[in-house]
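The structure appears right after this line, and notes come after that.
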Amino acid sequence: MTQTRPLQRRGLALGRGEDFAQQIRVRAERSVYGMPCGKAASDFNFFARRAKTRRMTTGRRSTAFSFSLNATDGPARTGVIETPRGAIRTPAFMPVGTAGTVKAMFAEDVRATGADVILGNTYHLMLRPGAERVARLGGLHRFMNWPHPILTDSGGFQVMSLASLRKLAEEGVAFRSHIDGSNHFLSPERSVEIQCLLGADIQMQLDECPAIPIAQEEARSSMLLSARWALRSKRAFEEKSTPGQALFGIVQGANFDDLRRESIDRLLELDLPGYAVGGLAVGEGREEMFRVLDATVPHMDARKPRYLMGVGKPADIVGAVARGIDMFDCVAPTRSGRHGQAFTQGGAINIKNAQYADDESPLDETLDCPASRDYSKAYLHHLFKAGEYLAPMLLTWHNLACYQRLMADLRAAIAAGRLSAFIAGFKAATGEEIV
RNA sequence: GGAGGGGUGGGAGAGUGGCUAAAUCCAGCAGACUGUAAAUCUGCCCGUCUCAGACGUACGGUGGUUCGAAUCCACCCCCCUCCA
């Protein structure tokens with residue numbers, strides 16, 4: 001695989017600070033859950049430390065968006081994205097909160113799992129309750145009681161997932177609402193405007209996300225459309241955004257290496273604060289996705305955060321982090337949680353299976369999460385079989401905690417320069433092949 | 001005792017002569033889910049086997065009509081409602 005110049009590890013002082021921050025975080029969570037302090041957690045609270053320091057030194061929060069690296073380990077990096085609403089530790093997993101809620105979760109519990117940032121969705125929120133309404137109500141953060149960073153998707157994914165309800169043109173996408181059949185139009189400019197109305201800290205350009213397989217010619221014209229939309233998005237963003245907000249461009253090009261390169265070249269000219277890799281995990285399979293990342297990530301701007309959209313399962317994330325990705329989002333922990341699938345350190349299990357009916361053990365007593373620690377598999381099994389509301393709530397909670405621990409472990413491993421050892425352990429525990 | 005209604009696969013419940021190992025729902029057993037139209041969707045769900053097929057048994061019981069019966073006839077058993 002091709003590589004850019006490796007970045008040197010730096011920030012030993014930060015490494016020490018993490019231990020201190022970890023204690024703060026553990027203490028904070030224990031107090032929330034009424035647990036005694038003292039047990040070591042795998043995560044560290046960079047966020048809490050940064051915010052505290054900033055308040056002490058400047059008396060107010062920064063209004064700038066920035067990304068800084070603390071350490072690298074091969075292509076993998078760990079660092080911090082600063083936003084006016086707080087820091088995002090990378091590699092980061094961002095729970096998906098499409099319609100103004102991380103489904104089945106209280107916002108404060110999402111936070112307690114260790115999430116620094118969550119997703120919102122332009123298409124869904126513009127239909128219901130409406131972007132202007134959210135703005136009148138004080139913005140999405142206030143509306144949903146999540147005062148921390150929010151990244152909004154542009155509606156680009158819905159261009160694909162709601163293909164039967166839309167018409168695509170140069171100007172934008174005409175949608176027929178899946179809710180009431182009414183007609184709506186989403187242009188790159190309108191998407192940015194909506195994301196500004198929502199108050200998103202990180203916004204995504206409108207793009208077209210084609211499924212793989214796709215013919216190369218078709219993939220190229222789609223990629224070029226997305227690139228033109230990136231430019232229009234940037235212009236609209238410069239006009240409508242407030243200080244500290246960021247717009248990310250999206251690399252497309254399906255699984256064609258030269259198209260990915262061309263997409264990157266076009267986006268780099270825009271000099272955006274971050275870039276996403278889009279159009280993956282859309283049917284190509286893990287091995288092919290990794291192959292595309294190998295051919296793509298090294299050409300992306302190493303000074304900017306790299307966001308792999310819509311990915312993925314734990315093994316996908318581990319493999320992508322090893323290839324230099326900094327940000328992830330995926331419905332897997334939340335949707336699967338609602339459907340009875342629990343992610344564990346030994347791989348995924350289906351709690352609805354009869355084998356758990358008499359299993360008194362919790363999903364994971366080493367996780368600092370009530371859903372993982374304080375309820376037996378037998379109880380969770382029963383809740384699912386009985387169709388109780390608590391069932392999807394608890395399993396979603398556990399899955400998010402499990403994902404956040406994975407991210408914390410990855411950050412710690414990179415910081416310590418022992419990512420390959422961590423990956424070997426991950427493979428051994430889950431039996432997953434990470435190409 | 002009289003009148004009427006009914007007995008179908010674990011449960012509910014379609015089915016009145018062949019297209020019926022028997023609709024559908026529930027329960028049960030599994031699987032899927034990757035920028036969320038998802039508390040959703042899919043498969044299996046009588047038994048046996050050389051299991052994407054074959055065979056066997058099956059619609060209260062027994063006997064009959066018929067080329068062919070869950071479906072028609074006779075008798076028996078059981079359940080429900082109303083009247084005495």
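Letters A, B, ... mark the chains of the structure tokens in the order given; residue numbers begin at 1 per chain; ligand numbers begin at 1, in order shown.
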Practice problem: Identify, on the basis of only C-alpha atoms (C1' of nucleotides), every residue whose closest approach to Asp180 (chain A) does not exceed 12 Å; exclude the query and any residue fewer than 2 positions from it along the same chain; express the result as a PyMOL selection string. | Solution: (chain A and resi 127-128+165+175-178+182-184) or (chain B and resi 37)
Quiz item: Counting only C-alpha atoms (C1' of nucleotides), which residues of chain B come no farther than 7 Å from chain A, as a list of chain:residue names?
Solution: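 Contact residues on the first chain: B:C33, B:U34, B:G35, B:U36, B:A37, B:A39.
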Quiz item: Can you list, as a PyMOL selection string, every residue of region 39-242 of chain A that DSSP puts in strand (DSSP E)?
Solution: chain A and resi 66-73+76-83+86-90+92-95+118-121+150-153+166-168+173-176+183-186+202-204
Self-check item: Distance in Å - CA of Cys196 (chain A) versus CA of Phe237 (chain A)
Solution: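 CA of Phe237 (chain A) lies 8.2 Å from CA of Cys196 (chain A).
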Exercise. Please report, as a ChimeraX atom specification, each residue of region 189-307 of chain A to which DSSP assigns helix (DSSP H, G or I) when run on this structure's backbone.
Key: /A:189-198,216-240,257-268,286-299
Exercise. Write out as a ChimeraX atom specification the residues lying within 12 Å of region 266-274 of chain A, counting only C-alpha atoms (C1' of nucleotides) and excluding same-chain residues fewer than 5 positions away.
Key: /A:64-68,81-83,151,201-205,223-235,237-238,244-253,259-261,299-308,325-327
Quiz item: C1' of U8 (chain B) and C1' of A70 (chain B) are how many Å apart?
Solution: 6.8 Å
Practice problem: To one decimal in Å, tell me the separation between CA of Asp374 (chain A) and CA of Pro314 (chain A). | Solution: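 Atom-to-atom, CA of Asp374 (chain A) to CA of Pro314 (chain A), that is 23.2 Å.
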Self-check item: Contacts of Thr113 (chain A) within 9 Å, only C-alpha atoms (C1' of nucleotides), excl. fewer than 5 positions in-chain, as an MDAnalysis selection string
Solution: chainID A and resid 29 108 368:369 397:398 400:405
Quiz item: With only C-alpha atoms (C1' of nucleotides) as the basis for distance, which of B:C76, B:C55, B:C26, B:A84 is at the shortest distance from G10 (chain B)?
Solution: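 So, comparing all the options, the nearest one is B:C26.
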Practice problem: Could you tell me which of B:C78, B:C72, B:A3, B:C46 comes closest to G60 (chain B) if we count only C-alpha atoms (C1' of nucleotides)? | Solution: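 Distance minimum relative to G60 (chain B) lands on B:C78.
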Quiz item: For G61 (chain B), which of B:G7, B:C25, B:U42, B:C73 is the closest residue, counting only C-alpha atoms (C1' of nucleotides)?
Solution: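 Once distances to G61 (chain B) are computed over only C-alpha atoms (C1' of nucleotides), the minimum belongs to B:G7.
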